[in-house]
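S.K.: One structure, as structure tokens, below. Some questions next.
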Amino acid sequence: MPTLGFAMCGSFCTLAGAMEQMAQLAKDYALLPIMSDNVFHTDTRFGRAEDFIGQAQKIAGRQVLHTIVEAEPIGPKAMADAMVVCPCTGNTLSKLALGITDTPVTMAVKSTLRVGRPVVLCLASNDALAASGQNAARLMNTKNVYFVPLRQDDPEKKPFSLVADFSRLADTVKAALEGRQLQPVFL
């Protein structure tokens, strides 16, 4: 059974949906859960950190990696066949585009890419069509980086926001493992 890294960033309003997708992927893949510092330590109106940690560990059947040191060997030790970042914030997206490796999630992605394995980004960003837009475009043109198809979630109230269609995550992972981008990227 292939192993997926499943990295979660602090788009707190989408974490419940990410957990649902994680549970779906667990039917076909072994999972290696990874959390950003914010997800691992922050309680919000969308849920408590310890509840998300517990849920991820129950789904994956293993401890959540939550430090840069824990995430670094993922690539060299072939711990994952692909890396999923769900949700991927605009902040993480931009760091990845600029080669900044200062969180467990960015380290997990860097470690995966450095050994030529696919990374799937499930974006949820309020500024994807603004400040983060250039970084999304840069990553769309980066080898081994694949995007879950995206759409504007509220064009009237949040005209710069894009959110991946989380229900397309499994199909995107399958395509990425075959070396292709699921189309269309923009819904």
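FYI, nothing fancy with the structure tokens labels: chains A, B, ... in order, residues from 1 per chain, ligands from 1 as they appear.
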Taking the backbone alone, and naming residues the way the document does, which bits of stretch 83-120 of chain A are alpha helix (DSSP H) by DSSP, as a VMD selection string?
M.R.: chain A and resid 90 to 98 104 to 113
S.K.: Go ahead and save the residues from that selection, with N, CA and C atoms, as a tab-separated table (two decimals), in the first residue's frame.
M.R.:
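As a result, out_36.tsv now contains:
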chain	number	residue	atom	x	y	z
A	90	GLY	N	-2.26	30.27	1.90
A	90	GLY	CA	-1.50	31.18	1.04
A	90	GLY	C	-0.11	31.43	1.59
A	91	ASN	N	0.02	31.45	2.90
A	91	ASN	CA	1.32	31.65	3.54
A	91	ASN	C	2.27	30.50	3.19
A	92	THR	N	1.79	29.27	3.35
A	92	THR	CA	2.62	28.11	3.03
A	92	THR	C	2.90	28.05	1.54
A	93	LEU	N	1.90	28.30	0.72
A	93	LEU	CA	2.06	28.33	-0.73
A	93	LEU	C	3.19	29.28	-1.11
A	94	SER	N	3.18	30.47	-0.54
A	94	SER	CA	4.19	31.48	-0.87
A	94	SER	C	5.58	31.06	-0.39
A	95	LYS	N	5.66	30.48	0.79
A	95	LYS	CA	6.95	30.00	1.28
A	95	LYS	C	7.50	28.92	0.36
A	96	LEU	N	6.64	28.00	-0.07
A	96	LEU	CA	7.09	26.94	-0.96
A	96	LEU	C	7.61	27.51	-2.28
A	97	ALA	N	6.91	28.49	-2.82
A	97	ALA	CA	7.30	29.10	-4.09
A	97	ALA	C	8.65	29.81	-3.98
A	98	LEU	N	8.96	30.31	-2.80
A	98	LEU	CA	10.19	31.07	-2.61
A	98	LEU	C	11.30	30.25	-1.93
A	104	PRO	N	7.25	22.64	9.86
A	104	PRO	CA	7.24	21.20	9.56
A	104	PRO	C	6.63	20.90	8.19
A	105	VAL	N	5.64	21.66	7.78
A	105	VAL	CA	4.99	21.42	6.49
A	105	VAL	C	5.91	21.79	5.34
A	106	THR	N	6.54	22.95	5.39
A	106	THR	CA	7.44	23.32	4.30
A	106	THR	C	8.64	22.38	4.23
A	107	MET	N	9.10	21.90	5.38
A	107	MET	CA	10.19	20.92	5.37
A	107	MET	C	9.73	19.59	4.78
A	108	ALA	N	8.53	19.16	5.10
A	108	ALA	CA	7.99	17.90	4.55
A	108	ALA	C	7.91	17.99	3.02
A	109	VAL	N	7.45	19.14	2.52
A	109	VAL	CA	7.36	19.32	1.07
A	109	VAL	C	8.74	19.36	0.44
A	110	LYS	N	9.64	20.14	1.01
A	110	LYS	CA	11.00	20.23	0.46
A	110	LYS	C	11.65	18.86	0.44
A	111	SER	N	11.50	18.11	1.52
A	111	SER	CA	12.10	16.79	1.63
A	111	SER	C	11.53	15.84	0.59
A	112	THR	N	10.26	15.96	0.29
A	112	THR	CA	9.61	15.12	-0.73
A	112	THR	C	10.08	15.51	-2.13
A	113	LEU	N	10.10	16.80	-2.41
A	113	LEU	CA	10.50	17.26	-3.74
A	113	LEU	C	11.96	16.96	-4.04
S.K.: Work out how far atom CA of A:Leu177 is from atom CA of A:Asp37, in Å to one decimal.
M.R.: 27.7 Å
S.K.: In Å to one decimal, how far is atom CA of A:Leu31 from atom CA of A:Ala137?
M.R.: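 Rounded to one decimal, the two atoms are 28.1 Å apart.
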S.K.: Have a look at atom CA of A:Gly61 and atom CA of A:Leu169 and let me know their distance in Å, one decimal.
M.R.: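 Separation of atom CA of A:Gly61 and atom CA of A:Leu169: 20.5 Å.
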S.K.: Choose the residue, out of A:Thr3, A:Glu50, A:Phe160, A:Phe40, that has the smallest atom-to-atom separation from A:Ala131; count only C-alpha atoms.
M.R.: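 Using only C-alpha atoms, A:Ala131 sits closest to A:Phe160.
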S.K.: Sorted by chain and rising residue number, list the residues of stretch 51-166 of chain A at most 6 Å from stretch 7-22 of chain A (counting only C-alpha atoms), each with its closest atom pair and distance in Å to one decimal, as CSV.
M.R.:
residue,atom,partner,partner_atom,distance
A:Val84,CA,A:Ala7,CA,6.0
A:Val85,CA,A:Ala7,CA,4.6
A:Cys86,CA,A:Met8,CA,5.2
A:Pro87,CA,A:Met8,CA,5.5
A:Cys88,CA,A:Cys9,CA,5.6
A:Thr89,CA,A:Ser11,CA,5.9
A:Val105,CA,A:Ala7,CA,5.9
S.K.: With N, CA, C and O atoms kept, could you save the residues just selected as a short mmCIF file (atom, residue, chain, number, x, y, z; two decimals), in the first residue's frame?
M.R.:
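Generated file (again.cif):
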data_model
loop_
_atom_site.label_atom_id
_atom_site.label_comp_id
_atom_site.auth_asym_id
_atom_site.auth_seq_id
_atom_site.Cartn_x
_atom_site.Cartn_y
_atom_site.Cartn_z
N VAL A 84 0.78 15.27 0.45
CA VAL A 84 -0.44 16.07 0.29
C VAL A 84 -0.37 17.20 1.31
O VAL A 84 -0.03 16.96 2.48
N VAL A 85 -0.68 18.42 0.90
CA VAL A 85 -0.81 19.53 1.84
C VAL A 85 -2.27 19.96 1.77
O VAL A 85 -2.72 20.53 0.79
N CYS A 86 -3.01 19.63 2.83
CA CYS A 86 -4.46 19.84 2.85
C CYS A 86 -4.92 20.19 4.26
O CYS A 86 -4.91 19.31 5.14
N PRO A 87 -5.30 21.42 4.51
CA PRO A 87 -5.30 22.54 3.58
C PRO A 87 -3.92 23.18 3.46
O PRO A 87 -3.11 23.11 4.37
N CYS A 88 -3.70 23.81 2.32
CA CYS A 88 -2.49 24.58 2.07
C CYS A 88 -2.88 26.05 2.10
O CYS A 88 -3.69 26.50 1.29
N THR A 89 -2.32 26.80 3.03
CA THR A 89 -2.63 28.23 3.13
C THR A 89 -1.83 29.04 2.11
O THR A 89 -0.84 28.56 1.55
N VAL A 105 5.64 21.66 7.78
CA VAL A 105 4.99 21.42 6.49
C VAL A 105 5.91 21.79 5.34
O VAL A 105 6.07 21.01 4.39
#
S.K.: Using DSSP on the backbone coordinates, identify the residues of chain A assigned to strand (DSSP E); present them as a PyMOL selection string.
M.R.: chain A and resi 3-8+30-35+82-88+119-125+145-147+150-151+162-164
S.K.: Out of A:Gln183, A:Gly99, A:Gly5, A:Ala170, which residue has the shortest atom-to-atom distance to A:Arg138 when counting only C-alpha atoms?
M.R.: A:Gly99
S.K.: Go through A:Leu4, A:Val64, A:Leu162, A:Ala130 and flag the residue nearest A:Pro149, using only C-alpha atoms for the distances.
M.R.: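 Smallest distance to A:Pro149 is found for A:Leu162.
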S.K.: Give the answer as one residue: which of A:Ala71, A:Ala80, A:Ala175, A:Leu121 has the shortest atom-to-atom distance to A:Val145, using only C-alpha atoms?
M.R.: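 For A:Val145, the nearest of the given residues is A:Leu121.
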S.K.: Quick one: residues within 9 Å of A:Ser161, only C-alpha atoms counted, chain neighbours fewer than 5 positions away excluded, as an MDAnalysis selection string?
M.R.: chainID A and resid 124:130 151:155
S.K.: Let me see the file: selected residues, all heavy atoms, as a CSV table (one decimal), in the first residue's frame.
M.R.:
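Produced file part35.csv, reproduced below:
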chain,number,residue,atom,x,y,z
A,124,ALA,N,-6.3,26.6,0.1
A,124,ALA,CA,-7.5,27.3,0.7
A,124,ALA,C,-6.9,28.7,1.2
A,124,ALA,O,-6.2,28.8,2.2
A,124,ALA,CB,-8.0,26.6,1.9
A,125,SER,N,-7.1,29.7,0.3
A,125,SER,CA,-6.4,31.0,0.6
A,125,SER,C,-7.3,32.2,0.2
A,125,SER,O,-7.9,32.2,-0.9
A,125,SER,CB,-5.1,31.1,-0.3
A,125,SER,OG,-4.6,32.3,-0.2
A,126,ASN,N,-7.4,33.1,1.1
A,126,ASN,CA,-8.2,34.3,0.9
A,126,ASN,C,-7.5,35.3,-0.1
A,126,ASN,O,-8.1,36.3,-0.5
A,126,ASN,CB,-8.5,35.0,2.2
A,126,ASN,CG,-9.5,34.3,3.0
A,126,ASN,OD1,-10.4,33.7,2.4
A,126,ASN,ND2,-9.4,34.3,4.3
A,127,ASP,N,-6.2,35.1,-0.4
A,127,ASP,CA,-5.5,36.0,-1.2
A,127,ASP,C,-4.9,35.3,-2.4
A,127,ASP,O,-3.9,35.8,-3.0
A,127,ASP,CB,-4.5,36.8,-0.5
A,127,ASP,CG,-3.2,36.0,-0.1
A,127,ASP,OD1,-3.3,34.8,-0.1
A,127,ASP,OD2,-2.2,36.7,0.2
A,128,ALA,N,-5.4,34.2,-2.8
A,128,ALA,CA,-4.8,33.4,-4.0
A,128,ALA,C,-4.9,34.2,-5.3
A,128,ALA,O,-4.1,33.9,-6.2
A,128,ALA,CB,-5.5,32.1,-4.1
A,129,LEU,N,-5.9,35.1,-5.4
A,129,LEU,CA,-6.0,35.9,-6.6
A,129,LEU,C,-5.5,37.3,-6.4
A,129,LEU,O,-5.7,38.2,-7.2
A,129,LEU,CB,-7.4,35.9,-7.1
A,129,LEU,CG,-8.0,34.6,-7.6
A,129,LEU,CD1,-9.5,34.7,-7.9
A,129,LEU,CD2,-7.2,34.1,-8.8
A,130,ALA,N,-4.7,37.5,-5.4
A,130,ALA,CA,-4.0,38.7,-5.1
A,130,ALA,C,-2.6,38.5,-4.8
A,130,ALA,O,-1.9,38.0,-5.6
A,130,ALA,CB,-4.8,39.4,-3.9
A,151,ARG,N,-11.6,26.8,-7.1
A,151,ARG,CA,-12.7,27.7,-7.5
A,151,ARG,C,-12.7,28.8,-6.5
A,151,ARG,O,-12.3,28.7,-5.4
A,151,ARG,CB,-14.0,27.0,-7.6
A,151,ARG,CG,-14.6,26.5,-6.3
A,151,ARG,CD,-16.1,26.1,-6.4
A,151,ARG,NE,-16.4,25.3,-7.5
A,151,ARG,CZ,-16.4,23.9,-7.5
A,151,ARG,NH1,-16.1,23.3,-6.4
A,151,ARG,NH2,-16.7,23.3,-8.6
A,152,GLN,N,-13.4,29.9,-6.9
A,152,GLN,CA,-13.7,31.0,-6.0
A,152,GLN,C,-14.8,30.5,-5.1
A,152,GLN,O,-15.8,30.0,-5.6
A,152,GLN,CB,-14.1,32.2,-6.8
A,152,GLN,CG,-13.0,33.0,-7.5
A,152,GLN,CD,-13.5,34.2,-8.1
A,152,GLN,OE1,-14.1,34.1,-9.2
A,152,GLN,NE2,-13.3,35.4,-7.5
A,153,ASP,N,-14.6,30.7,-3.8
A,153,ASP,CA,-15.6,30.2,-2.9
A,153,ASP,C,-16.7,31.2,-2.6
A,153,ASP,O,-17.8,30.8,-2.3
A,153,ASP,CB,-15.0,29.7,-1.6
A,153,ASP,CG,-14.1,30.7,-0.9
A,153,ASP,OD1,-13.4,31.4,-1.5
A,153,ASP,OD2,-14.2,30.8,0.4
A,154,ASP,N,-16.4,32.5,-2.8
A,154,ASP,CA,-17.4,33.5,-2.5
A,154,ASP,C,-17.0,34.8,-3.3
A,154,ASP,O,-16.4,35.7,-2.8
A,154,ASP,CB,-17.5,33.8,-1.1
A,154,ASP,CG,-18.7,34.8,-0.8
A,154,ASP,OD1,-19.2,35.4,-1.7
A,154,ASP,OD2,-19.0,35.0,0.4
A,155,PRO,N,-17.2,34.8,-4.7
A,155,PRO,CA,-16.7,35.9,-5.5
A,155,PRO,C,-17.2,37.3,-5.1
A,155,PRO,O,-16.5,38.2,-5.3
A,155,PRO,CB,-17.2,35.5,-6.9
A,155,PRO,CG,-17.6,34.1,-6.8
A,155,PRO,CD,-17.9,33.8,-5.4
S.K.: Using only C-alpha atoms, which of the listed residues (A:Glu156, A:Asp165, A:Val148, A:Thr67) sits closest to A:Val185?
M.R.: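 Answer, going by the shortest atom-to-atom distance: A:Val148.
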S.K.: List the neighbours of A:Glu178 out to 12 Å using only C-alpha atoms; skip same-chain residues closer than 2 positions along the sequence, and give me the result as a count of residues only.
M.R.: 15
